[in-house]
Amino acid sequence: MTEPMKSSQSWNQAKNTRFICSLLCCLFVFLPITLFSNESIDTDTLEGYRASTNVEEGTFFLVNPATDEITTSITLRTDVYIKVTGIVLRGKVVQFFTNQSDIWMEGIYMFPLPDTAAVDTLVMKIGDRTIEGEIKEREEAKQIYEEAKEEGKKATLLEQDRPNIFNVSVANIGPGETIEVMIEFQQSVSCDQGKYSITFPIVVGPRYIPLSMLDKENRDMPGVHPEMTADHEKIIAPVTASQTDAPQVSLRIDLLPGFPVKHIKSPYLPVIIEQKEPDNYTIVPEGGTAKQKDFVLEWEPLDESKIYTALFQEEVNGNLYSLVMIHPQDPDTITASSYNRDVVIIIDTSGSMQGSSIKQAKKALLAALDHLGKDDLFNIIEFNSRTRTLFKQNEPVNYRTVSKAKSFVNLLEADGGTEMYPALVKALSMDRDQNRLFQVIFITDGCVGNEAELFTYIKENIYNGRLFTVGIGSAPNHYFMRKAALSGRGTFLHIGDVAEVKEKMDNLFQKLAFPVLTDISISWSNSSAEILPYPVPDLYAGEPLTICTKSYLDAGSLEVSGSYGEQVWRRVFTFHRTGTNNGIGRLWARRKIDGLMDQLLERTSEEEIKKEVVDIALEHHLVSQYTSLVAVEQVKSKPDDEQINKEKLPLMLPEGWEMDQSRANYPAAGTEMWLFLSLGIVLIALSGFYLLSRKK
């Protein structure tokens, strides 16, 4: 071999060696950074979540710019008081922010309220000083708050980011100081199958934002309004894994049902029930505090044979506002329908469904399969970051297809993102037999942030089909569940425990077995009234009709008519006022705003809707998408030479959610990225082996 050839080979070997060493260096240097750095992964644009470092729950945290160390600064305690009178609920949430640091702080806390709540009161207390909040347009309220903060005045701002997600900001909390924030709301009680209930959410589950919604270019799409895209940052907060040091939430319910009750039940939390008078009860959790899951309370009339009808009224500025609940359907006069069905069952297998939620979901799906009729067609769609369909087309119900479906369900695991849109497109674009009733059963926790996009798609593509939502887990997104079902002309239910899957799925399919009361029309006998919601949604067996009205005269009698298929149905109800109650006008206004916001889903101009919403919200002192409550103390408290530090309270994970300990600051839904990282590492290693083999 000549000297030049030896020199060339040596140079190539050295080059290959240097390349391999470079690859190994990259692997050993950047892999630990990727795996363990909290800043190397921007979770605003990855799997839709923003995460935080693993700090104690219930505390704000301060990052020292010099050392990058995290220290706790503000602790939070919450007291919740709820009073139920008949079918009206009045709630009060009191939050205590205590600054344990030696610096001035601004605290920002994202928290849930019931998705139909009319939030009308904000009070800030500092010692014996009380400042009541004023209702303003959102931009004006924000400006008032920011100016007060800059001037060193204490201020509180309450904003709505979804109907069930609110943000409270508290400015200029001095060292060692406690500021008390009181928020009040009103709503109506739920009723189904003769059982009355209330649900109070304790925690906001982290919301998944699809990557397409994070792309700024998509924000200018025709018909897309701000809730679809531009405000996703408002519903993202830091996430913490620990469940042991969560903020303490005390809970007390005073129940005055207005009739003798057979039993009172809290299905997800042990409670102590004290009967003060024949129809007056006080309910508190055992141990005094709630858990990181929805609190649900149910009660049932002692006499089940009587159909309970209620009318509550309030007169405001010459207007008579009414809240009415009636049960229009008589089970003895309704027979089960005999329609053959096309049933598509969608199941969410994203990472947020890990743990007990996926067990509940799979059991619910298996129960759904058992309720299929022998002449039905069916299919299953699974989704996480991707969408997968069991059959290419809907298949008949027989031993082979159902066995295959059950095997498919038993192998399902939860992982990946929550890309709902492709799954809905797949389900609603399937071929439909016009001689069959098309039904979609959607099993999910609903923890997404692009609700409006999904509602619009459902509304525009359901046609003559029906969509039913089954909420799974300890803290599902009730706003999504209710509104998706309403958009799909269906109904919804919540399963919070594996033990209740059979009972609740039986109830759902019992509803589906009976015809739906459609084309509902309502009129007062002696008064023209504005009735909400409008149009009145379809009613399923066992569901009451709950409406709010605005009129100028007393109600008298109410005529309700509708259709069961081709059969016309009509009934007249005569009312005696059950009681008067402050806040009925605000319930009407809340429903009016809800209906106006629905028009955005129909691609109505936002400018037109915003003006009408603002006028109603300001008149009735309500927080809305476009109005906020702000309270400012006029006395300056923070010295000019003191800096204010801002931090957001980390979200508590709902009970049953899992956080992978190898990446403890990321929710379970953010898993797909790690698969790609592993594949990348394998490719680097393979390229190294390839170069080594060439050297030989």
# chains A, B, ... in the order shown; residues from 1 in each chain; ligands from 1

$ residues_around --residues "Arg388 (chain A)" --least-positions-apart "2" --cutoff "12 Å" --atoms "only C-alpha atoms" --output "VMD selection string"
chain A and resid 345 to 349 379 to 386 390 to 392 408 412 419 to 420 422 to 424 426 to 427

$ closest_atom_pairs --of "region 634-657 of chain A" --to "region 74-86 of chain A" --cutoff "12 Å" --atoms "only C-alpha atoms" --output "Markdown table"
| residue | atom | partner | partner_atom | distance |
| --- | --- | --- | --- | --- |
| A:Asn645 | CA | A:Ile74 | CA | 11.2 |
| A:Lys646 | CA | A:Ile74 | CA | 10.7 |
| A:Glu647 | CA | A:Ile74 | CA | 9.2 |
| A:Lys648 | CA | A:Ile74 | CA | 10.1 |
| A:Leu649 | CA | A:Ile74 | CA | 8.9 |
| A:Pro650 | CA | A:Leu76 | CA | 11.4 |

$ closest_atom_pairs --of "region 471-513 of chain A" --to "region 285-309 of chain A" --cutoff "10 Å" --atoms "only C-alpha atoms" --output "JSON lines"
{"residue": "A:Gly473", "atom": "CA", "partner": "A:Lys293", "partner_atom": "CA", "distance": 8.5}
{"residue": "A:Ser474", "atom": "CA", "partner": "A:Lys293", "partner_atom": "CA", "distance": 4.8}
{"residue": "A:Ala475", "atom": "CA", "partner": "A:Lys293", "partner_atom": "CA", "distance": 5.2}
{"residue": "A:Pro476", "atom": "CA", "partner": "A:Asp294", "partner_atom": "CA", "distance": 8.3}
{"residue": "A:Gly496", "atom": "CA", "partner": "A:Asp294", "partner_atom": "CA", "distance": 8.5}

$ write_last_selection --atoms "C-alpha atoms" --output "PDB file, in the first residue's frame"
ATOM      1  CA  GLY A 473     -63.413  10.693  35.940  1.00  0.00           C
ATOM      2  CA  SER A 474     -63.230  12.707  39.129  1.00  0.00           C
ATOM      3  CA  ALA A 475     -63.279  16.163  37.501  1.00  0.00           C
ATOM      4  CA  PRO A 476     -64.574  16.123  33.911  1.00  0.00           C
ATOM      5  CA  GLY A 496     -67.401   9.303  38.748  1.00  0.00           C
TER       6      GLY A 496
END

$ residues_around --residues "region 542-552 of chain A" --least-positions-apart "4" --cutoff "7 Å" --atoms "only C-alpha atoms" --output "compact mmCIF listing (two decimals) with N, CA and C atoms, in the first residue's frame"
# COMPACT_ATOMS: atom_id res chain seq x y z
N CYS A 191 -82.14 18.09 37.90
CA CYS A 191 -83.07 17.01 38.22
C CYS A 191 -83.07 16.01 37.06
N ASP A 192 -83.05 14.72 37.40
CA ASP A 192 -83.10 13.67 36.37
C ASP A 192 -83.59 12.39 37.02
N GLN A 193 -84.51 11.73 36.34
CA GLN A 193 -85.07 10.46 36.83
C GLN A 193 -85.62 10.59 38.25
N GLY A 194 -86.19 11.75 38.56
CA GLY A 194 -86.79 11.97 39.87
C GLY A 194 -85.81 12.31 40.97
N GLY A 318 -89.91 46.53 37.59
CA GLY A 318 -91.15 46.36 36.83
C GLY A 318 -91.22 45.10 36.00
N ASN A 319 -90.14 44.31 35.97
CA ASN A 319 -90.13 43.04 35.24
C ASN A 319 -90.30 41.88 36.22
N LEU A 320 -91.09 40.89 35.81
CA LEU A 320 -91.27 39.69 36.63
C LEU A 320 -90.45 38.56 36.04
N TYR A 321 -89.47 38.09 36.79
CA TYR A 321 -88.62 36.99 36.35
C TYR A 321 -89.06 35.71 37.04
N SER A 322 -89.15 34.62 36.29
CA SER A 322 -89.63 33.34 36.84
C SER A 322 -88.66 32.22 36.51
N LEU A 323 -88.48 31.32 37.46
CA LEU A 323 -87.76 30.06 37.25
C LEU A 323 -88.76 28.94 37.44
N VAL A 324 -88.94 28.14 36.40
CA VAL A 324 -89.98 27.11 36.39
C VAL A 324 -89.36 25.75 36.13
N MET A 325 -89.79 24.76 36.90
CA MET A 325 -89.40 23.37 36.63
C MET A 325 -90.66 22.52 36.60
N ILE A 326 -90.86 21.81 35.49
CA ILE A 326 -92.00 20.90 35.37
C ILE A 326 -91.52 19.58 34.77
N HIS A 327 -92.30 18.53 34.99
CA HIS A 327 -92.03 17.21 34.42
C HIS A 327 -93.12 16.92 33.40
N PRO A 328 -92.89 17.21 32.14
CA PRO A 328 -93.97 17.11 31.15
C PRO A 328 -94.32 15.69 30.74
N SER A 527 -99.88 36.39 29.68
CA SER A 527 -98.76 37.32 29.55
C SER A 527 -97.85 36.89 28.42
N SER A 528 -97.38 37.88 27.69
CA SER A 528 -96.32 37.59 26.73
C SER A 528 -95.01 37.56 27.50
N ALA A 529 -94.20 36.56 27.27
CA ALA A 529 -92.97 36.40 28.05
C ALA A 529 -91.83 35.99 27.14
N GLU A 530 -90.63 36.42 27.51
CA GLU A 530 -89.42 35.95 26.82
C GLU A 530 -88.94 34.72 27.58
N ILE A 531 -88.93 33.58 26.91
CA ILE A 531 -88.66 32.30 27.55
C ILE A 531 -87.30 31.79 27.12
N LEU A 532 -86.51 31.37 28.09
CA LEU A 532 -85.17 30.84 27.85
C LEU A 532 -85.01 29.49 28.52
N PRO A 533 -84.27 28.54 27.91
CA PRO A 533 -83.53 28.74 26.65
C PRO A 533 -84.46 28.73 25.44
N TRP A 588 -82.08 34.37 34.69
CA TRP A 588 -82.60 34.62 33.34
C TRP A 588 -81.51 35.27 32.48

$ select_by_dssp --residues "region 387-535 of chain A" --states "alpha helix (DSSP H)" --output "MDAnalysis selection string"
chainID A and resid 399:410 420:428 451:461 478:487 501:513

$ closest_residue --among "A:Leu157, A:Ile644, A:Val409, A:Val560" --to "Ser525 (chain A)" --atoms "only C-alpha atoms"
A:Val560

$ residues_around --residues "region 517-519 of chain A" --least-positions-apart "3" --cutoff "7 Å" --atoms "only C-alpha atoms" --output "ChimeraX atom specification"
/A:538-540,562-564

$ residues_around --residues "region 101-103 of chain A" --least-positions-apart "6" --cutoff "9 Å" --atoms "only C-alpha atoms" --output "PDB file with N, CA and C atoms, in the first residue's frame"
ATOM      1  N   THR A  71     -39.130  29.187  45.812  1.00  0.00           N
ATOM      2  CA  THR A  71     -39.549  29.220  47.211  1.00  0.00           C
ATOM      3  C   THR A  71     -41.035  29.497  47.274  1.00  0.00           C
ATOM      4  N   THR A  72     -41.711  28.962  48.281  1.00  0.00           N
ATOM      5  CA  THR A  72     -43.139  29.217  48.446  1.00  0.00           C
ATOM      6  C   THR A  72     -43.341  30.625  48.978  1.00  0.00           C
ATOM      7  N   SER A  73     -44.425  31.252  48.582  1.00  0.00           N
ATOM      8  CA  SER A  73     -44.660  32.622  49.013  1.00  0.00           C
ATOM      9  C   SER A  73     -46.078  32.846  49.526  1.00  0.00           C
ATOM     10  N   ILE A  74     -47.100  32.387  48.784  1.00  0.00           N
ATOM     11  CA  ILE A  74     -48.480  32.627  49.189  1.00  0.00           C
ATOM     12  C   ILE A  74     -49.213  31.300  49.367  1.00  0.00           C
ATOM     13  N   ILE A 173     -50.207  42.236  47.785  1.00  0.00           N
ATOM     14  CA  ILE A 173     -50.333  41.540  49.064  1.00  0.00           C
ATOM     15  C   ILE A 173     -49.017  41.739  49.807  1.00  0.00           C
ATOM     16  N   GLY A 174     -49.066  42.452  50.911  1.00  0.00           N
ATOM     17  CA  GLY A 174     -47.852  42.782  51.647  1.00  0.00           C
ATOM     18  C   GLY A 174     -47.275  41.594  52.387  1.00  0.00           C
ATOM     19  N   PRO A 175     -45.993  41.665  52.787  1.00  0.00           N
ATOM     20  CA  PRO A 175     -45.366  40.581  53.555  1.00  0.00           C
ATOM     21  C   PRO A 175     -46.163  40.282  54.830  1.00  0.00           C
ATOM     22  N   GLY A 176     -46.462  38.987  55.044  1.00  0.00           N
ATOM     23  CA  GLY A 176     -47.197  38.559  56.234  1.00  0.00           C
ATOM     24  C   GLY A 176     -48.664  38.926  56.227  1.00  0.00           C
ATOM     25  N   GLU A 642     -40.663  49.395  46.544  1.00  0.00           N
ATOM     26  CA  GLU A 642     -40.829  47.941  46.640  1.00  0.00           C
ATOM     27  C   GLU A 642     -41.298  47.387  45.301  1.00  0.00           C
ATOM     28  N   GLN A 643     -40.684  46.281  44.879  1.00  0.00           N
ATOM     29  CA  GLN A 643     -41.076  45.625  43.631  1.00  0.00           C
ATOM     30  C   GLN A 643     -42.187  44.624  43.908  1.00  0.00           C
ATOM     31  N   ILE A 644     -43.131  44.470  42.951  1.00  0.00           N
ATOM     32  CA  ILE A 644     -44.179  43.468  43.093  1.00  0.00           C
ATOM     33  C   ILE A 644     -43.828  42.259  42.237  1.00  0.00           C
ATOM     34  N   ASN A 645     -43.991  41.065  42.786  1.00  0.00           N
ATOM     35  CA  ASN A 645     -43.657  39.823  42.097  1.00  0.00           C
ATOM     36  C   ASN A 645     -44.944  39.049  41.813  1.00  0.00           C
TER      37      ASN A 645
END

$ closest_residue --among "A:Ser523, A:Ser628, A:Asn582, A:Gln360" --to "Glu500 (chain A)" --atoms "only C-alpha atoms"
A:Gln360

$ residues_around --residues "Asn581 (chain A)" --least-positions-apart "3" --cutoff "8 Å" --atoms "only C-alpha atoms" --output "VMD selection string"
chain A and resid 312 to 314 584
